[in-house]
Amino acid sequence: MARGLRSLGGALLLLEVAAALSFLHHRYEEMVQALFRVQSQCPYVTRIYSIGRSVEGRHLYVLEFSDYPGIHEPLEPEFKYVGNMHGNEVLGRELLLQLSEFLCEEYRRGNERITHLIHDTRIHIMPSMNPDGYEVAAKQGPDSNGYLTGRNNANGVDLNRNFPDLNTFMYYSGEISGPNHHIPLPDNWKSQVEPETLAVIQWISSYNFVLSANLHGGAVVANYPYDKSQDQRFRSHRRTVNTPTPDDKLFQKLAKTYSYAHGWMHRGWNCGDYFADGITNGASWYSLSKGMQDFNYLYTNCFEITLELSCNKFPPEEDLERQWMANREALVAFIEEVHQGIKGMVSDENNNGIAGAVISVQGISHDITSGDMGDYFRLLLPGTYTVTASAEGYQPQTVTTTVGPAAPSLVHFQLKQDVVRKLPERKASGTRTNKALQKKVVPRATRRGTQR
């Protein structure tokens, strides 16, 4: 109830604001100027950095909001938004620029909700992952833009079909009780991805992101993993099979948070399609291979969903304000979802943080790990859970904790060193030890999808 009242109160606060925002399409130079303008207006809580460059050399800029920009504070979760992955799906790009200006302006106004959000969360906003594709689409403009014009990057590659295919590895290893989290990348992965994809993979490997959304267009629905169906390996006719993750109920809740805070997504009927509650499992819609949201879940600690935000991929400028009003509360409410479940420190007996400790939740076969400073974040629905922290060289520790509907529960672990008695070496007996050879499974490229 407290969480519901907080969300309602927050929504009323946002409705009271009449910010003077410019509702225009921004070309690359204009987008960069808009980001630096926000940074200059809120210099103490923002930072701009580039994660790399596109094929044509454009920076992939990120605007960060934090009370200590550029610094990870222990127990403060990292959140990210990524827009314009498909160059001709432009609404997300404009919404993230609007969100950046809104967060800055409301922080300066002293908006309590936004102030708490920025002080308690490290927010990373990338308006455009595919600036080259956007420039191709923008040359035609909203009126004559083709359905696929500018979708791909400058090398003609769909970036949402370009991540290493960890699903295939996961489905194979699942048959032999293998992992579905922190799956290692194939040895030759860098040669198989585009510069934009490489930059994003290195980015998400450098920050311990907890929650994320990537913004698309062409439909109106909140889509959650898995995107790729296991049945796609077999030549099924429709290849639309619900393929849930171990965190399926949590993902549904995350998707509904956005859908029901949106102006009309939750109604279900949009763009000629119907999705109950305005959400869908990705593979249930259609199977997509080598997508970004599945990669986040299988390779990192990050839970990511895909937001399809408009029927028109390149809406006219006169529609941007209406779209902003429909998405504003949802964009803020979804960031707030990073503050749920459990979090804490994993340390040794001398209170030194242990990086890479594994956090396992009984009954949910998907583990996360602690960050470089030993802090961890595990998104969970309200309930009672048995949680275990383990690390190489330490004795595991298990606790039972209850998660409420409002703030995350604080659960710390202090692991004792695992002292193993070293047995005296035996004399050679003419026998030798056989070492098992471990084979790496290199995922194969699969058939490309058509939408996300």
# chains A, B, ... in the order shown; residues from 1 in each chain; ligands from 1

$ residues_around --residues "Gly141 of chain A" --least-positions-apart "2" --cutoff "12 Å" --atoms "only C-alpha atoms" --output "ChimeraX atom specification"
/A:25-27,88-90,134-139,143-147,149-150,313-317

$ write_last_selection --atoms "N, CA and C atoms" --output "PDB file, in the first residue's frame"
ATOM      1  N   HIS A  25      12.483  16.961 -33.526  1.00  0.00           N
ATOM      2  CA  HIS A  25      13.412  15.877 -33.838  1.00  0.00           C
ATOM      3  C   HIS A  25      14.828  16.438 -33.835  1.00  0.00           C
ATOM      4  N   HIS A  26      15.746  15.718 -33.222  1.00  0.00           N
ATOM      5  CA  HIS A  26      17.122  16.183 -33.072  1.00  0.00           C
ATOM      6  C   HIS A  26      18.065  15.353 -33.947  1.00  0.00           C
ATOM      7  N   ARG A  27      18.721  16.001 -34.894  1.00  0.00           N
ATOM      8  CA  ARG A  27      19.792  15.337 -35.622  1.00  0.00           C
ATOM      9  C   ARG A  27      20.972  15.147 -34.673  1.00  0.00           C
ATOM     10  N   ASN A  88      15.755   4.084 -37.414  1.00  0.00           N
ATOM     11  CA  ASN A  88      14.503   4.701 -37.870  1.00  0.00           C
ATOM     12  C   ASN A  88      13.397   4.623 -36.822  1.00  0.00           C
ATOM     13  N   GLU A  89      13.695   4.103 -35.642  1.00  0.00           N
ATOM     14  CA  GLU A  89      12.723   4.070 -34.546  1.00  0.00           C
ATOM     15  C   GLU A  89      13.139   5.167 -33.570  1.00  0.00           C
ATOM     16  N   VAL A  90      12.551   6.338 -33.750  1.00  0.00           N
ATOM     17  CA  VAL A  90      13.139   7.557 -33.197  1.00  0.00           C
ATOM     18  C   VAL A  90      12.448   8.088 -31.948  1.00  0.00           C
ATOM     19  N   TYR A 134      20.123   6.642 -37.765  1.00  0.00           N
ATOM     20  CA  TYR A 134      19.178   7.743 -37.588  1.00  0.00           C
ATOM     21  C   TYR A 134      19.355   8.801 -38.664  1.00  0.00           C
ATOM     22  N   GLU A 135      20.589   9.136 -38.996  1.00  0.00           N
ATOM     23  CA  GLU A 135      20.823  10.177 -40.003  1.00  0.00           C
ATOM     24  C   GLU A 135      20.268   9.758 -41.360  1.00  0.00           C
ATOM     25  N   VAL A 136      20.346   8.485 -41.683  1.00  0.00           N
ATOM     26  CA  VAL A 136      19.765   7.982 -42.929  1.00  0.00           C
ATOM     27  C   VAL A 136      18.250   8.142 -42.908  1.00  0.00           C
ATOM     28  N   ALA A 137      17.633   7.758 -41.783  1.00  0.00           N
ATOM     29  CA  ALA A 137      16.177   7.865 -41.668  1.00  0.00           C
ATOM     30  C   ALA A 137      15.735   9.320 -41.652  1.00  0.00           C
ATOM     31  N   ALA A 138      16.487  10.178 -40.960  1.00  0.00           N
ATOM     32  CA  ALA A 138      16.092  11.573 -40.809  1.00  0.00           C
ATOM     33  C   ALA A 138      16.151  12.339 -42.122  1.00  0.00           C
ATOM     34  N   LYS A 139      16.995  11.914 -43.049  1.00  0.00           N
ATOM     35  CA  LYS A 139      17.069  12.596 -44.342  1.00  0.00           C
ATOM     36  C   LYS A 139      15.757  12.478 -45.101  1.00  0.00           C
ATOM     37  N   ASP A 143       7.455  11.900 -43.081  1.00  0.00           N
ATOM     38  CA  ASP A 143       6.411  11.715 -44.089  1.00  0.00           C
ATOM     39  C   ASP A 143       6.732  10.633 -45.106  1.00  0.00           C
ATOM     40  N   SER A 144       8.002  10.525 -45.493  1.00  0.00           N
ATOM     41  CA  SER A 144       8.360   9.583 -46.553  1.00  0.00           C
ATOM     42  C   SER A 144       9.313   8.504 -46.085  1.00  0.00           C
ATOM     43  N   ASN A 145       9.431   8.333 -44.784  1.00  0.00           N
ATOM     44  CA  ASN A 145      10.377   7.355 -44.253  1.00  0.00           C
ATOM     45  C   ASN A 145       9.906   5.937 -44.524  1.00  0.00           C
ATOM     46  N   GLY A 146      10.797   5.124 -45.101  1.00  0.00           N
ATOM     47  CA  GLY A 146      10.464   3.729 -45.352  1.00  0.00           C
ATOM     48  C   GLY A 146      10.492   2.922 -44.080  1.00  0.00           C
ATOM     49  N   TYR A 147       9.818   1.775 -44.082  1.00  0.00           N
ATOM     50  CA  TYR A 147       9.690   0.987 -42.864  1.00  0.00           C
ATOM     51  C   TYR A 147      11.041   0.484 -42.369  1.00  0.00           C
ATOM     52  N   THR A 149      14.114   1.900 -43.770  1.00  0.00           N
ATOM     53  CA  THR A 149      15.149   2.880 -44.095  1.00  0.00           C
ATOM     54  C   THR A 149      15.811   3.410 -42.830  1.00  0.00           C
ATOM     55  N   GLY A 150      17.118   3.171 -42.691  1.00  0.00           N
ATOM     56  CA  GLY A 150      17.850   3.625 -41.524  1.00  0.00           C
ATOM     57  C   GLY A 150      17.777   2.690 -40.335  1.00  0.00           C
ATOM     58  N   LYS A 313       7.007   4.497 -36.498  1.00  0.00           N
ATOM     59  CA  LYS A 313       8.405   4.466 -36.078  1.00  0.00           C
ATOM     60  C   LYS A 313       9.040   5.851 -36.062  1.00  0.00           C
ATOM     61  N   PHE A 314       8.588   6.728 -36.954  1.00  0.00           N
ATOM     62  CA  PHE A 314       9.136   8.086 -37.026  1.00  0.00           C
ATOM     63  C   PHE A 314       7.969   9.062 -36.949  1.00  0.00           C
ATOM     64  N   PRO A 315       7.411   9.253 -35.749  1.00  0.00           N
ATOM     65  CA  PRO A 315       6.223  10.101 -35.616  1.00  0.00           C
ATOM     66  C   PRO A 315       6.537  11.559 -35.945  1.00  0.00           C
ATOM     67  N   PRO A 316       5.563  12.306 -36.454  1.00  0.00           N
ATOM     68  CA  PRO A 316       5.772  13.720 -36.757  1.00  0.00           C
ATOM     69  C   PRO A 316       5.983  14.522 -35.479  1.00  0.00           C
ATOM     70  N   GLU A 317       6.599  15.691 -35.630  1.00  0.00           N
ATOM     71  CA  GLU A 317       6.928  16.504 -34.457  1.00  0.00           C
ATOM     72  C   GLU A 317       5.689  16.909 -33.666  1.00  0.00           C
TER      73      GLU A 317
END

$ select_by_dssp --residues "segment 106-190 of chain A" --states "strand (DSSP E or B)" --output "ChimeraX atom specification"
/A:122-126

$ write_last_selection --atoms "N, CA, C and O atoms" --output "compact mmCIF listing (two decimals), in the first residue's frame"
# COMPACT_ATOMS: atom_id res chain seq x y z
N ARG A 122 22.07 5.61 -9.65
CA ARG A 122 22.97 6.10 -10.69
C ARG A 122 22.33 5.77 -12.03
O ARG A 122 22.25 4.60 -12.42
N ILE A 123 21.86 6.80 -12.72
CA ILE A 123 21.05 6.64 -13.93
C ILE A 123 21.89 6.97 -15.16
O ILE A 123 22.49 8.04 -15.25
N HIS A 124 21.93 6.04 -16.11
CA HIS A 124 22.67 6.22 -17.36
C HIS A 124 21.68 6.26 -18.52
O HIS A 124 20.89 5.32 -18.70
N ILE A 125 21.74 7.32 -19.32
CA ILE A 125 20.79 7.51 -20.43
C ILE A 125 21.57 7.63 -21.74
O ILE A 125 22.34 8.57 -21.93
N MET A 126 21.37 6.66 -22.64
CA MET A 126 21.96 6.71 -23.98
C MET A 126 20.83 6.95 -25.00
O MET A 126 20.10 6.03 -25.34

$ closest_residue --among "A:Ala222, A:Val338, A:Ile359, A:Ile364" --to "Ala391 of chain A" --atoms "only C-alpha atoms"
A:Ile359

$ closest_atom_pairs --of "segment 210-296 of chain A" --to "segment 326-333 of chain A" --cutoff "9 Å" --atoms "only C-alpha atoms" --output "tab-separated table"
residue	atom	partner	partner_atom	distance
A:Thr257	CA	A:Ala333	CA	7.1
A:Tyr258	CA	A:Ala330	CA	4.9
A:Ser259	CA	A:Ala330	CA	7.4
A:Tyr260	CA	A:Ala330	CA	7.7
A:Ala261	CA	A:Ala330	CA	4.6
A:His262	CA	A:Ala330	CA	5.3
A:Gly263	CA	A:Ala326	CA	4.3
A:Trp264	CA	A:Ala326	CA	7.4

$ write_last_selection --atoms "C-alpha atoms" --output "PDB file, in the first residue's frame"
ATOM      1  CA  THR A 257       4.901  -1.225 -14.210  1.00  0.00           C
ATOM      2  CA  TYR A 258       5.667   0.535 -17.467  1.00  0.00           C
ATOM      3  CA  SER A 259       2.509  -0.524 -19.253  1.00  0.00           C
ATOM      4  CA  TYR A 260       0.085   0.668 -16.567  1.00  0.00           C
ATOM      5  CA  ALA A 261       1.945   3.932 -16.016  1.00  0.00           C
ATOM      6  CA  HIS A 262       1.769   4.598 -19.770  1.00  0.00           C
ATOM      7  CA  GLY A 263      -1.122   6.541 -21.247  1.00  0.00           C
ATOM      8  CA  TRP A 264      -2.622   3.645 -23.201  1.00  0.00           C
TER       9      TRP A 264
END

$ closest_atom_pairs --of "segment 113-186 of chain A" --to "segment 275-294 of chain A" --cutoff "10 Å" --atoms "only C-alpha atoms" --output "JSON lines"
{"residue": "A:Asp158", "atom": "CA", "partner": "A:Gly291", "partner_atom": "CA", "distance": 9.7}
{"residue": "A:Leu159", "atom": "CA", "partner": "A:Gly291", "partner_atom": "CA", "distance": 8.0}
{"residue": "A:Asn160", "atom": "CA", "partner": "A:Gly291", "partner_atom": "CA", "distance": 4.7}
{"residue": "A:Arg161", "atom": "CA", "partner": "A:Lys290", "partner_atom": "CA", "distance": 4.7}
{"residue": "A:Asn162", "atom": "CA", "partner": "A:Lys290", "partner_atom": "CA", "distance": 5.6}
{"residue": "A:Phe163", "atom": "CA", "partner": "A:Lys290", "partner_atom": "CA", "distance": 4.9}
{"residue": "A:Pro164", "atom": "CA", "partner": "A:Lys290", "partner_atom": "CA", "distance": 5.8}
{"residue": "A:Asp165", "atom": "CA", "partner": "A:Lys290", "partner_atom": "CA", "distance": 4.7}
{"residue": "A:Leu166", "atom": "CA", "partner": "A:Lys290", "partner_atom": "CA", "distance": 7.5}
{"residue": "A:Asn167", "atom": "CA", "partner": "A:Asp294", "partner_atom": "CA", "distance": 7.4}
{"residue": "A:Thr168", "atom": "CA", "partner": "A:Ser289", "partner_atom": "CA", "distance": 8.9}

$ closest_residue --among "A:Thr197, A:Asn214, A:Ser22, A:Asn208" --to "Ser370 of chain A" --atoms "only C-alpha atoms"
A:Asn208

$ closest_residue --among "A:Pro69, A:Gly356, A:Gly156, A:Pro184" --to "Asn130 of chain A" --atoms "only C-alpha atoms"
A:Gly156

$ closest_residue --among "A:Val361, A:His59, A:Ala407, A:Thr402" --to "Val387 of chain A" --atoms "only C-alpha atoms"
A:Val361

$ atom_distance --atom1 "atom CA of Val419 of chain A" --atom2 "atom CA of Gly371 of chain A"
24.4 Å

$ decode --residues "segment 185-335 of chain A" --atoms "C-alpha atoms" --output "PDB file, in the first residue's frame"
ATOM      1  CA  LEU A 185      31.437 -15.382 -24.545  1.00  0.00           C
ATOM      2  CA  PRO A 186      32.836 -17.412 -27.451  1.00  0.00           C
ATOM      3  CA  ASP A 187      36.536 -16.819 -28.145  1.00  0.00           C
ATOM      4  CA  ASN A 188      35.929 -15.079 -31.476  1.00  0.00           C
ATOM      5  CA  TRP A 189      33.000 -12.879 -30.413  1.00  0.00           C
ATOM      6  CA  LYS A 190      34.697  -9.541 -31.117  1.00  0.00           C
ATOM      7  CA  SER A 191      35.114 -10.391 -34.782  1.00  0.00           C
ATOM      8  CA  GLN A 192      31.391 -11.160 -35.080  1.00  0.00           C
ATOM      9  CA  VAL A 193      29.914  -7.909 -33.752  1.00  0.00           C
ATOM     10  CA  GLU A 194      29.616  -4.339 -35.001  1.00  0.00           C
ATOM     11  CA  PRO A 195      31.431  -1.367 -33.400  1.00  0.00           C
ATOM     12  CA  GLU A 196      28.218  -0.213 -31.714  1.00  0.00           C
ATOM     13  CA  THR A 197      27.539  -3.678 -30.310  1.00  0.00           C
ATOM     14  CA  LEU A 198      31.140  -4.041 -29.142  1.00  0.00           C
ATOM     15  CA  ALA A 199      30.912  -0.692 -27.355  1.00  0.00           C
ATOM     16  CA  VAL A 200      27.702  -1.690 -25.560  1.00  0.00           C
ATOM     17  CA  ILE A 201      29.094  -5.074 -24.485  1.00  0.00           C
ATOM     18  CA  GLN A 202      32.199  -3.421 -23.060  1.00  0.00           C
ATOM     19  CA  TRP A 203      29.968  -0.815 -21.398  1.00  0.00           C
ATOM     20  CA  ILE A 204      27.715  -3.302 -19.649  1.00  0.00           C
ATOM     21  CA  SER A 205      30.781  -5.313 -18.633  1.00  0.00           C
ATOM     22  CA  SER A 206      32.231  -2.220 -16.923  1.00  0.00           C
ATOM     23  CA  TYR A 207      29.170  -1.231 -14.876  1.00  0.00           C
ATOM     24  CA  ASN A 208      27.173  -3.481 -12.581  1.00  0.00           C
ATOM     25  CA  PHE A 209      23.809  -2.573 -14.084  1.00  0.00           C
ATOM     26  CA  VAL A 210      20.767  -3.892 -12.227  1.00  0.00           C
ATOM     27  CA  LEU A 211      17.834  -2.844 -14.421  1.00  0.00           C
ATOM     28  CA  SER A 212      17.481  -1.566 -17.967  1.00  0.00           C
ATOM     29  CA  ALA A 213      15.126  -0.922 -20.852  1.00  0.00           C
ATOM     30  CA  ASN A 214      15.797  -0.403 -24.537  1.00  0.00           C
ATOM     31  CA  LEU A 215      13.323   1.733 -26.453  1.00  0.00           C
ATOM     32  CA  HIS A 216      11.931   0.768 -29.860  1.00  0.00           C
ATOM     33  CA  GLY A 217       9.001   1.565 -32.148  1.00  0.00           C
ATOM     34  CA  GLY A 218       6.575  -0.109 -34.539  1.00  0.00           C
ATOM     35  CA  ALA A 219       4.253  -1.444 -31.840  1.00  0.00           C
ATOM     36  CA  VAL A 220       3.021  -0.448 -28.373  1.00  0.00           C
ATOM     37  CA  VAL A 221       3.906  -3.139 -25.828  1.00  0.00           C
ATOM     38  CA  ALA A 222       6.375  -3.914 -23.029  1.00  0.00           C
ATOM     39  CA  ASN A 223       8.314  -6.995 -24.079  1.00  0.00           C
ATOM     40  CA  TYR A 224      10.329  -9.166 -21.664  1.00  0.00           C
ATOM     41  CA  PRO A 225      12.761 -12.141 -22.001  1.00  0.00           C
ATOM     42  CA  TYR A 226      13.281 -14.588 -23.367  1.00  0.00           C
ATOM     43  CA  ASP A 227      13.162 -13.221 -26.881  1.00  0.00           C
ATOM     44  CA  LYS A 228      14.424 -16.446 -28.406  1.00  0.00           C
ATOM     45  CA  SER A 229      12.416 -19.637 -28.215  1.00  0.00           C
ATOM     46  CA  GLN A 230      14.144 -22.918 -27.575  1.00  0.00           C
ATOM     47  CA  ASP A 231      11.819 -24.426 -30.140  1.00  0.00           C
ATOM     48  CA  GLN A 232      13.399 -22.228 -32.800  1.00  0.00           C
ATOM     49  CA  ARG A 233      16.123 -24.822 -33.057  1.00  0.00           C
ATOM     50  CA  PHE A 234      13.514 -27.072 -34.554  1.00  0.00           C
ATOM     51  CA  ARG A 235      11.689 -25.933 -37.654  1.00  0.00           C
ATOM     52  CA  SER A 236       8.346 -25.223 -36.131  1.00  0.00           C
ATOM     53  CA  HIS A 237       5.830 -23.493 -38.343  1.00  0.00           C
ATOM     54  CA  ARG A 238       5.012 -20.362 -36.329  1.00  0.00           C
ATOM     55  CA  ARG A 239       7.881 -20.278 -33.818  1.00  0.00           C
ATOM     56  CA  THR A 240       5.796 -18.339 -31.297  1.00  0.00           C
ATOM     57  CA  VAL A 241       6.199 -20.304 -28.088  1.00  0.00           C
ATOM     58  CA  ASN A 242       6.124 -18.690 -24.649  1.00  0.00           C
ATOM     59  CA  THR A 243       9.669 -19.028 -23.335  1.00  0.00           C
ATOM     60  CA  PRO A 244       9.915 -17.747 -19.753  1.00  0.00           C
ATOM     61  CA  THR A 245      13.033 -17.044 -17.746  1.00  0.00           C
ATOM     62  CA  PRO A 246      13.398 -18.272 -14.154  1.00  0.00           C
ATOM     63  CA  ASP A 247      12.407 -14.696 -13.216  1.00  0.00           C
ATOM     64  CA  ASP A 248       9.251 -14.708 -15.349  1.00  0.00           C
ATOM     65  CA  LYS A 249       6.879 -13.340 -12.704  1.00  0.00           C
ATOM     66  CA  LEU A 250       9.309 -10.563 -11.863  1.00  0.00           C
ATOM     67  CA  PHE A 251       9.697  -9.642 -15.528  1.00  0.00           C
ATOM     68  CA  GLN A 252       5.938  -9.535 -15.940  1.00  0.00           C
ATOM     69  CA  LYS A 253       5.707  -7.172 -12.995  1.00  0.00           C
ATOM     70  CA  LEU A 254       8.435  -4.928 -14.429  1.00  0.00           C
ATOM     71  CA  ALA A 255       6.691  -4.826 -17.805  1.00  0.00           C
ATOM     72  CA  LYS A 256       3.322  -4.044 -16.190  1.00  0.00           C
ATOM     73  CA  THR A 257       4.901  -1.225 -14.210  1.00  0.00           C
ATOM     74  CA  TYR A 258       5.667   0.535 -17.467  1.00  0.00           C
ATOM     75  CA  SER A 259       2.509  -0.524 -19.253  1.00  0.00           C
ATOM     76  CA  TYR A 260       0.085   0.668 -16.567  1.00  0.00           C
ATOM     77  CA  ALA A 261       1.945   3.932 -16.016  1.00  0.00           C
ATOM     78  CA  HIS A 262       1.769   4.598 -19.770  1.00  0.00           C
ATOM     79  CA  GLY A 263      -1.122   6.541 -21.247  1.00  0.00           C
ATOM     80  CA  TRP A 264      -2.622   3.645 -23.201  1.00  0.00           C
ATOM     81  CA  MET A 265      -0.172   0.724 -23.493  1.00  0.00           C
ATOM     82  CA  HIS A 266      -2.014  -1.255 -20.784  1.00  0.00           C
ATOM     83  CA  ARG A 267      -5.270  -1.237 -22.770  1.00  0.00           C
ATOM     84  CA  GLY A 268      -3.866  -3.988 -24.972  1.00  0.00           C
ATOM     85  CA  TRP A 269      -5.316  -2.970 -28.345  1.00  0.00           C
ATOM     86  CA  ASN A 270      -2.634  -0.972 -30.178  1.00  0.00           C
ATOM     87  CA  CYS A 271      -1.399  -0.850 -33.776  1.00  0.00           C
ATOM     88  CA  GLY A 272      -3.811  -3.609 -34.797  1.00  0.00           C
ATOM     89  CA  ASP A 273      -2.379  -6.041 -32.234  1.00  0.00           C
ATOM     90  CA  TYR A 274      -3.679  -7.150 -28.862  1.00  0.00           C
ATOM     91  CA  PHE A 275      -1.434  -7.851 -25.871  1.00  0.00           C
ATOM     92  CA  ALA A 276      -3.126  -8.528 -22.536  1.00  0.00           C
ATOM     93  CA  ASP A 277      -2.084  -5.843 -20.025  1.00  0.00           C
ATOM     94  CA  GLY A 278       0.082  -4.341 -22.765  1.00  0.00           C
ATOM     95  CA  ILE A 279       2.915  -6.825 -22.150  1.00  0.00           C
ATOM     96  CA  THR A 280       4.297  -9.898 -23.891  1.00  0.00           C
ATOM     97  CA  ASN A 281       6.962 -12.543 -23.571  1.00  0.00           C
ATOM     98  CA  GLY A 282       9.298 -11.933 -26.510  1.00  0.00           C
ATOM     99  CA  ALA A 283       9.348 -15.464 -27.897  1.00  0.00           C
ATOM    100  CA  SER A 284       5.579 -15.682 -27.472  1.00  0.00           C
ATOM    101  CA  TRP A 285       5.293 -12.750 -29.876  1.00  0.00           C
ATOM    102  CA  TYR A 286       7.934 -14.032 -32.282  1.00  0.00           C
ATOM    103  CA  SER A 287      11.342 -15.583 -31.756  1.00  0.00           C
ATOM    104  CA  LEU A 288      14.319 -13.264 -32.058  1.00  0.00           C
ATOM    105  CA  SER A 289      17.915 -14.460 -32.066  1.00  0.00           C
ATOM    106  CA  LYS A 290      20.994 -12.570 -30.794  1.00  0.00           C
ATOM    107  CA  GLY A 291      18.966  -9.754 -29.211  1.00  0.00           C
ATOM    108  CA  MET A 292      20.191  -7.316 -26.578  1.00  0.00           C
ATOM    109  CA  GLN A 293      17.721  -7.980 -23.755  1.00  0.00           C
ATOM    110  CA  ASP A 294      18.420 -11.720 -23.611  1.00  0.00           C
ATOM    111  CA  PHE A 295      22.150 -10.987 -23.743  1.00  0.00           C
ATOM    112  CA  ASN A 296      21.872  -8.691 -20.712  1.00  0.00           C
ATOM    113  CA  TYR A 297      20.122 -11.380 -18.693  1.00  0.00           C
ATOM    114  CA  LEU A 298      22.419 -14.246 -19.720  1.00  0.00           C
ATOM    115  CA  TYR A 299      25.759 -12.423 -19.534  1.00  0.00           C
ATOM    116  CA  THR A 300      25.406  -9.775 -16.810  1.00  0.00           C
ATOM    117  CA  ASN A 301      23.468  -9.044 -13.620  1.00  0.00           C
ATOM    118  CA  CYS A 302      21.127  -6.737 -15.548  1.00  0.00           C
ATOM    119  CA  PHE A 303      17.404  -7.372 -16.046  1.00  0.00           C
ATOM    120  CA  GLU A 304      16.356  -5.682 -19.283  1.00  0.00           C
ATOM    121  CA  ILE A 305      13.034  -5.318 -21.086  1.00  0.00           C
ATOM    122  CA  THR A 306      12.226  -3.911 -24.523  1.00  0.00           C
ATOM    123  CA  LEU A 307       9.699  -1.077 -24.809  1.00  0.00           C
ATOM    124  CA  GLU A 308       7.820  -0.704 -28.088  1.00  0.00           C
ATOM    125  CA  LEU A 309       6.445   2.805 -27.820  1.00  0.00           C
ATOM    126  CA  SER A 310       4.683   3.880 -31.015  1.00  0.00           C
ATOM    127  CA  CYS A 311       2.893   2.465 -34.035  1.00  0.00           C
ATOM    128  CA  ASN A 312       4.669   5.033 -36.183  1.00  0.00           C
ATOM    129  CA  LYS A 313       8.405   4.466 -36.078  1.00  0.00           C
ATOM    130  CA  PHE A 314       9.136   8.086 -37.026  1.00  0.00           C
ATOM    131  CA  PRO A 315       6.223  10.101 -35.616  1.00  0.00           C
ATOM    132  CA  PRO A 316       5.772  13.720 -36.757  1.00  0.00           C
ATOM    133  CA  GLU A 317       6.928  16.504 -34.457  1.00  0.00           C
ATOM    134  CA  GLU A 318       3.367  17.540 -33.658  1.00  0.00           C
ATOM    135  CA  ASP A 319       2.858  14.147 -31.991  1.00  0.00           C
ATOM    136  CA  LEU A 320       5.958  14.295 -29.770  1.00  0.00           C
ATOM    137  CA  GLU A 321       4.386  16.244 -26.922  1.00  0.00           C
ATOM    138  CA  ARG A 322       1.439  13.827 -26.678  1.00  0.00           C
ATOM    139  CA  GLN A 323       3.868  10.900 -26.656  1.00  0.00           C
ATOM    140  CA  TRP A 324       5.977  12.533 -23.953  1.00  0.00           C
ATOM    141  CA  MET A 325       2.959  13.063 -21.734  1.00  0.00           C
ATOM    142  CA  ALA A 326       1.981   9.406 -22.247  1.00  0.00           C
ATOM    143  CA  ASN A 327       5.443   8.109 -21.340  1.00  0.00           C
ATOM    144  CA  ARG A 328       6.723  10.564 -18.718  1.00  0.00           C
ATOM    145  CA  GLU A 329       5.348   8.879 -15.610  1.00  0.00           C
ATOM    146  CA  ALA A 330       6.187   5.425 -16.989  1.00  0.00           C
ATOM    147  CA  LEU A 331       9.826   6.361 -17.631  1.00  0.00           C
ATOM    148  CA  VAL A 332      10.230   7.582 -14.049  1.00  0.00           C
ATOM    149  CA  ALA A 333       8.238   4.740 -12.473  1.00  0.00           C
ATOM    150  CA  PHE A 334      10.315   2.123 -14.271  1.00  0.00           C
ATOM    151  CA  ILE A 335      13.564   3.591 -12.931  1.00  0.00           C
TER     152      ILE A 335
END
